[in-house]
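**Student:** File my_file_22.tsv below, TSV, N, CA and C atoms:
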chain	number	residue	atom	x	y	z
Y	1	MET	N	-6.27	-19.28	7.20
Y	1	MET	CA	-4.98	-18.74	7.62
Y	1	MET	C	-3.87	-19.56	6.98
Y	2	ALA	N	-2.84	-18.88	6.53
Y	2	ALA	CA	-1.73	-19.55	5.87
Y	2	ALA	C	-0.89	-20.34	6.87
Y	3	ASN	N	-0.34	-21.45	6.40
Y	3	ASN	CA	0.55	-22.27	7.22
Y	3	ASN	C	2.01	-22.01	6.92
Y	4	ILE	N	2.29	-21.49	5.74
Y	4	ILE	CA	3.67	-21.26	5.31
Y	4	ILE	C	4.17	-19.95	5.92
Y	5	LYS	N	5.39	-19.99	6.45
Y	5	LYS	CA	5.95	-18.85	7.17
Y	5	LYS	C	6.03	-17.60	6.29
Y	6	SER	N	6.48	-17.77	5.06
Y	6	SER	CA	6.62	-16.61	4.17
Y	6	SER	C	5.25	-16.00	3.84
Y	7	GLN	N	4.23	-16.84	3.76
Y	7	GLN	CA	2.89	-16.33	3.47
Y	7	GLN	C	2.31	-15.57	4.66
Y	8	LYS	N	2.65	-16.02	5.86
Y	8	LYS	CA	2.21	-15.29	7.05
Y	8	LYS	C	2.82	-13.89	7.06
Y	9	LYS	N	4.10	-13.82	6.67
Y	9	LYS	CA	4.77	-12.52	6.60
Y	9	LYS	C	4.16	-11.67	5.49
Y	10	ARG	N	3.85	-12.27	4.35
Y	10	ARG	CA	3.23	-11.51	3.25
Y	10	ARG	C	1.89	-10.92	3.69
Y	11	ILE	N	1.14	-11.68	4.46
Y	11	ILE	CA	-0.15	-11.18	4.97
Y	11	ILE	C	0.07	-9.94	5.83
Y	12	ARG	N	1.10	-9.99	6.69
Y	12	ARG	CA	1.39	-8.84	7.55
Y	12	ARG	C	1.86	-7.64	6.74
Y	13	THR	N	2.78	-7.87	5.80
Y	13	THR	CA	3.30	-6.75	5.01
Y	13	THR	C	2.23	-6.17	4.10
Y	14	ASN	N	1.36	-7.03	3.56
Y	14	ASN	CA	0.26	-6.53	2.72
Y	14	ASN	C	-0.69	-5.66	3.53
Y	15	ALA	N	-0.94	-6.06	4.76
Y	15	ALA	CA	-1.83	-5.27	5.63
Y	15	ALA	C	-1.23	-3.90	5.92
Y	16	LYS	N	0.09	-3.87	6.16
Y	16	LYS	CA	0.76	-2.59	6.41
Y	16	LYS	C	0.70	-1.68	5.19
Y	17	SER	N	1.02	-2.24	4.03
Y	17	SER	CA	1.01	-1.41	2.82
Y	17	SER	C	-0.40	-0.98	2.45
Y	18	GLN	N	-1.38	-1.83	2.74
Y	18	GLN	CA	-2.77	-1.47	2.48
Y	18	GLN	C	-3.18	-0.27	3.33
Y	19	GLU	N	-2.76	-0.25	4.59
Y	19	GLU	CA	-3.06	0.88	5.47
Y	19	GLU	C	-2.38	2.15	4.98
Y	20	ARG	N	-1.11	2.02	4.58
Y	20	ARG	CA	-0.37	3.17	4.06
Y	20	ARG	C	-1.03	3.72	2.81
Y	21	ASN	N	-1.38	2.82	1.88
Y	21	ASN	CA	-2.02	3.24	0.64
Y	21	ASN	C	-3.36	3.91	0.90
Y	22	LYS	N	-4.09	3.39	1.87
Y	22	LYS	CA	-5.40	3.95	2.21
Y	22	LYS	C	-5.25	5.39	2.71
Y	23	MET	N	-4.22	5.63	3.52
Y	23	MET	CA	-3.98	6.99	4.04
Y	23	MET	C	-3.59	7.95	2.92
Y	24	VAL	N	-2.74	7.48	2.00
Y	24	VAL	CA	-2.31	8.32	0.88
Y	24	VAL	C	-3.50	8.66	0.01
Y	25	ARG	N	-4.32	7.66	-0.29
Y	25	ARG	CA	-5.49	7.86	-1.14
Y	25	ARG	C	-6.51	8.80	-0.47
Y	26	ALA	N	-6.71	8.63	0.83
Y	26	ALA	CA	-7.65	9.49	1.57
Y	26	ALA	C	-7.17	10.94	1.58
Y	27	GLU	N	-5.88	11.14	1.81
Y	27	GLU	CA	-5.32	12.49	1.82
Y	27	GLU	C	-5.46	13.14	0.45
Y	28	MET	N	-5.23	12.35	-0.60
Y	28	MET	CA	-5.37	12.86	-1.97
Y	28	MET	C	-6.80	13.31	-2.22
Y	29	ARG	N	-7.76	12.49	-1.84
Y	29	ARG	CA	-9.17	12.82	-2.05
Y	29	ARG	C	-9.57	14.07	-1.27
Y	30	THR	N	-9.06	14.19	-0.04
Y	30	THR	CA	-9.36	15.35	0.80
Y	30	THR	C	-8.85	16.62	0.15
Y	31	ARG	N	-7.62	16.58	-0.37
Y	31	ARG	CA	-7.03	17.76	-1.01
Y	31	ARG	C	-7.79	18.14	-2.28
Y	32	VAL	N	-8.22	17.14	-3.05
Y	32	VAL	CA	-8.98	17.42	-4.27
Y	32	VAL	C	-10.31	18.08	-3.92
Y	33	LYS	N	-10.99	17.57	-2.90
Y	33	LYS	CA	-12.27	18.17	-2.48
Y	33	LYS	C	-12.07	19.60	-2.00
Y	34	ALA	N	-10.97	19.84	-1.27
Y	34	ALA	CA	-10.68	21.19	-0.78
Y	34	ALA	C	-10.41	22.14	-1.95
Y	35	ALA	N	-9.71	21.65	-2.97
Y	35	ALA	CA	-9.42	22.47	-4.14
Y	35	ALA	C	-10.71	22.82	-4.88
Y	36	LEU	N	-11.60	21.85	-5.01
Y	36	LEU	CA	-12.88	22.10	-5.68
Y	36	LEU	C	-13.73	23.09	-4.88
Y	37	ALA	N	-13.69	22.98	-3.57
Y	37	ALA	CA	-14.45	23.90	-2.72
Y	37	ALA	C	-13.89	25.31	-2.82
Y	38	ASP	N	-12.56	25.41	-2.95
Y	38	ASP	CA	-11.89	26.71	-3.07
Y	38	ASP	C	-12.25	27.36	-4.40
Y	39	GLY	N	-12.22	26.57	-5.47
Y	39	GLY	CA	-12.62	27.06	-6.79
Y	39	GLY	C	-11.60	27.90	-7.52
Y	40	ASP	N	-10.40	28.04	-6.98
Y	40	ASP	CA	-9.36	28.85	-7.62
Y	40	ASP	C	-8.31	27.93	-8.24
Y	41	ALA	N	-8.16	28.02	-9.56
Y	41	ALA	CA	-7.24	27.13	-10.28
Y	41	ALA	C	-5.78	27.43	-9.95
Y	42	THR	N	-5.48	28.67	-9.55
Y	42	THR	CA	-4.09	29.03	-9.26
Y	42	THR	C	-3.81	29.09	-7.77
Y	43	GLY	N	-4.78	28.73	-6.95
Y	43	GLY	CA	-4.64	28.84	-5.51
Y	43	GLY	C	-3.79	27.76	-4.88
Y	44	GLU	N	-3.56	27.94	-3.59
Y	44	GLU	CA	-2.75	27.00	-2.82
Y	44	GLU	C	-3.41	25.62	-2.73
Y	45	ALA	N	-4.73	25.60	-2.63
Y	45	ALA	CA	-5.46	24.33	-2.52
Y	45	ALA	C	-5.28	23.49	-3.78
Y	46	ALA	N	-5.30	24.13	-4.94
Y	46	ALA	CA	-5.12	23.41	-6.21
Y	46	ALA	C	-3.70	22.84	-6.29
Y	47	ARG	N	-2.72	23.64	-5.89
Y	47	ARG	CA	-1.32	23.16	-5.91
Y	47	ARG	C	-1.14	21.98	-4.97
Y	48	ALA	N	-1.77	22.05	-3.80
Y	48	ALA	CA	-1.66	20.95	-2.83
Y	48	ALA	C	-2.30	19.68	-3.37
Y	49	ALA	N	-3.43	19.83	-4.06
Y	49	ALA	CA	-4.12	18.67	-4.64
Y	49	ALA	C	-3.27	18.01	-5.72
Y	50	ILE	N	-2.68	18.84	-6.59
Y	50	ILE	CA	-1.82	18.31	-7.66
Y	50	ILE	C	-0.61	17.60	-7.05
Y	51	LYS	N	-0.06	18.18	-6.00
Y	51	LYS	CA	1.10	17.58	-5.33
Y	51	LYS	C	0.74	16.22	-4.74
Y	52	ARG	N	-0.42	16.12	-4.11
Y	52	ARG	CA	-0.85	14.85	-3.51
Y	52	ARG	C	-1.13	13.80	-4.58
Y	53	ILE	N	-1.69	14.22	-5.70
Y	53	ILE	CA	-1.95	13.28	-6.80
Y	53	ILE	C	-0.63	12.74	-7.34
Y	54	ASP	N	0.33	13.65	-7.57
Y	54	ASP	CA	1.65	13.24	-8.05
Y	54	ASP	C	2.35	12.32	-7.05
Y	55	SER	N	2.21	12.64	-5.79
Y	55	SER	CA	2.83	11.84	-4.73
Y	55	SER	C	2.25	10.42	-4.71
Y	56	ALA	N	0.94	10.32	-4.85
Y	56	ALA	CA	0.28	9.00	-4.87
Y	56	ALA	C	0.75	8.18	-6.07
Y	57	ALA	N	0.94	8.84	-7.21
Y	57	ALA	CA	1.41	8.15	-8.40
Y	57	ALA	C	2.86	7.70	-8.22
Y	58	ALA	N	3.68	8.54	-7.62
Y	58	ALA	CA	5.08	8.20	-7.40
Y	58	ALA	C	5.23	7.02	-6.44
Y	59	LYS	N	4.33	6.92	-5.48
Y	59	LYS	CA	4.38	5.83	-4.50
Y	59	LYS	C	3.73	4.55	-5.03
Y	60	GLY	N	3.12	4.62	-6.20
Y	60	GLY	CA	2.51	3.44	-6.78
Y	60	GLY	C	1.11	3.16	-6.27
Y	61	VAL	N	0.53	4.12	-5.56
Y	61	VAL	CA	-0.83	3.93	-5.05
Y	61	VAL	C	-1.83	4.01	-6.19
Y	62	ILE	N	-1.60	4.95	-7.11
Y	62	ILE	CA	-2.41	5.03	-8.33
Y	62	ILE	C	-1.47	5.02	-9.53
Y	63	HIS	N	-1.99	4.63	-10.68
Y	63	HIS	CA	-1.20	4.58	-11.90
Y	63	HIS	C	-0.92	5.99	-12.40
Y	64	LYS	N	0.18	6.18	-13.11
Y	64	LYS	CA	0.54	7.53	-13.57
Y	64	LYS	C	-0.49	8.08	-14.55
Y	65	ASN	N	-1.11	7.22	-15.35
Y	65	ASN	CA	-2.16	7.69	-16.26
Y	65	ASN	C	-3.41	8.12	-15.48
Y	66	THR	N	-3.70	7.43	-14.41
Y	66	THR	CA	-4.82	7.81	-13.55
Y	66	THR	C	-4.55	9.16	-12.92
Y	67	ALA	N	-3.31	9.39	-12.51
Y	67	ALA	CA	-2.92	10.67	-11.92
Y	67	ALA	C	-3.08	11.79	-12.94
Y	68	ALA	N	-2.64	11.54	-14.16
Y	68	ALA	CA	-2.76	12.54	-15.22
Y	68	ALA	C	-4.23	12.86	-15.49
Y	69	ARG	N	-5.06	11.83	-15.52
Y	69	ARG	CA	-6.49	12.02	-15.76
Y	69	ARG	C	-7.14	12.82	-14.63
Y	70	LYS	N	-6.78	12.49	-13.39
Y	70	LYS	CA	-7.34	13.20	-12.23
Y	70	LYS	C	-6.94	14.67	-12.24
Y	71	LYS	N	-5.67	14.94	-12.55
Y	71	LYS	CA	-5.20	16.32	-12.59
Y	71	LYS	C	-5.89	17.09	-13.71
Y	72	SER	N	-6.03	16.46	-14.85
Y	72	SER	CA	-6.69	17.10	-15.99
Y	72	SER	C	-8.13	17.45	-15.67
Y	73	ARG	N	-8.86	16.50	-15.09
Y	73	ARG	CA	-10.27	16.73	-14.77
Y	73	ARG	C	-10.42	17.78	-13.66
Y	74	LEU	N	-9.50	17.77	-12.70
Y	74	LEU	CA	-9.54	18.75	-11.63
Y	74	LEU	C	-9.36	20.16	-12.19
Y	75	MET	N	-8.35	20.34	-13.03
Y	75	MET	CA	-8.09	21.66	-13.60
Y	75	MET	C	-9.23	22.11	-14.51
Y	76	LYS	N	-9.80	21.17	-15.24
Y	76	LYS	CA	-10.93	21.49	-16.11
Y	76	LYS	C	-12.10	22.01	-15.28
Y	77	GLN	N	-12.38	21.35	-14.15
Y	77	GLN	CA	-13.46	21.79	-13.27
Y	77	GLN	C	-13.16	23.14	-12.63
Y	78	LEU	N	-11.90	23.34	-12.24
Y	78	LEU	CA	-11.53	24.60	-11.60
Y	78	LEU	C	-11.60	25.77	-12.57
Y	79	HIS	N	-11.19	25.55	-13.81
Y	79	HIS	CA	-11.25	26.63	-14.80
Y	79	HIS	C	-12.68	26.94	-15.21
Y	80	ALA	N	-13.55	25.94	-15.15
Y	80	ALA	CA	-14.95	26.15	-15.53
Y	80	ALA	C	-15.70	26.96	-14.47
Y	81	SER	N	-15.26	26.86	-13.22
Y	81	SER	CA	-15.99	27.55	-12.16
Y	81	SER	C	-15.53	28.98	-11.96
How does this structure look as C-alpha cells?
**Tutor:**
Amino acid sequence: MANIKSQKKRIRTNAKSQERNKMVRAEMRTRVKAALADGDATGEAARAAIKRIDSAAAKGVIHKNTAARKKSRLMKQLHAS
C-alpha cells in the first residue's frame, strides 16, 4: 500500500477508471456479438456495434486503429454471412 497521499488518490482514481473502462469494453463486446448473431450488415444491431466501438475509441478505452480494425473485421464478417 502506498504511503504518499497523491499515490493513494491515484490508486482510487485508477480503480474508478478501470471499472468505467471495463463497462465500456463489455458493452462494446456485447453489441458486436449481437450484430454477428443478427447477421445483417445494414441492420440496427450493426449500427449499434459500430457506435459502441467508436464511443470506446473516443473515450480512450481502445486505440483508434484498434477501433478501425474491429469495425472492418465486423463488416467483413457481416457481408460474408
**Student:** What is the distance, in Å and to one decimal place, between CA of Asp40 in chain Y and CA of Ser81 in chain Y?
**Tutor:**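 CA of Ser81 in chain Y lies 8.1 Å from CA of Asp40 in chain Y.
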**Student:** Can you work out the spacing between CA of Asp54 in chain Y and CA of Gln18 in chain Y in Å, to one decimal?
**Tutor:**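 Pair CA of Asp54 in chain Y / CA of Gln18 in chain Y returns 18.6 Å.
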**Student:** Based on the backbone DSSP call, show me all residues of chain Y assigned alpha helix (DSSP H), as JSON, numbers by chain.
**Tutor:** {"Y": [5, 6, 7, 8, 9, 10, 11, 12, 13, 14, 15, 16, 17, 18, 19, 20, 21, 22, 23, 24, 25, 26, 27, 28, 29, 30, 31, 32, 33, 34, 35, 36, 37, 38, 44, 45, 46, 47, 48, 49, 50, 51, 52, 53, 54, 55, 56, 57, 58, 64, 65, 66, 67, 68, 69, 70, 71, 72, 73, 74, 75, 76, 77, 78, 79, 80]}
**Student:** So which residues touch Arg69 in chain Y within 12 Å, counting only C-alpha atoms, skipping near sequence neighbours fewer than 6 positions away, as a ChimeraX atom specification?
**Tutor:** /Y:50,53-54,57,62-63,75-76
**Student:** If you measure from atom C of Ala37 in chain Y to CA of Gln77 in chain Y, what distance in Å do you get, rounded to one decimal?
**Tutor:** 11.0 Å
**Student:** Within 7 Å of (-4.7, 21.4, -5.4) (coordinates as in the file), grab all the protein and nucleic acid residues, counting only N, CA and C atoms, and write them out as JSON, numbers by chain.
**Tutor:** {"Y": [31, 32, 34, 35, 36, 43, 44, 45, 46, 47, 48, 49, 50, 51, 52]}
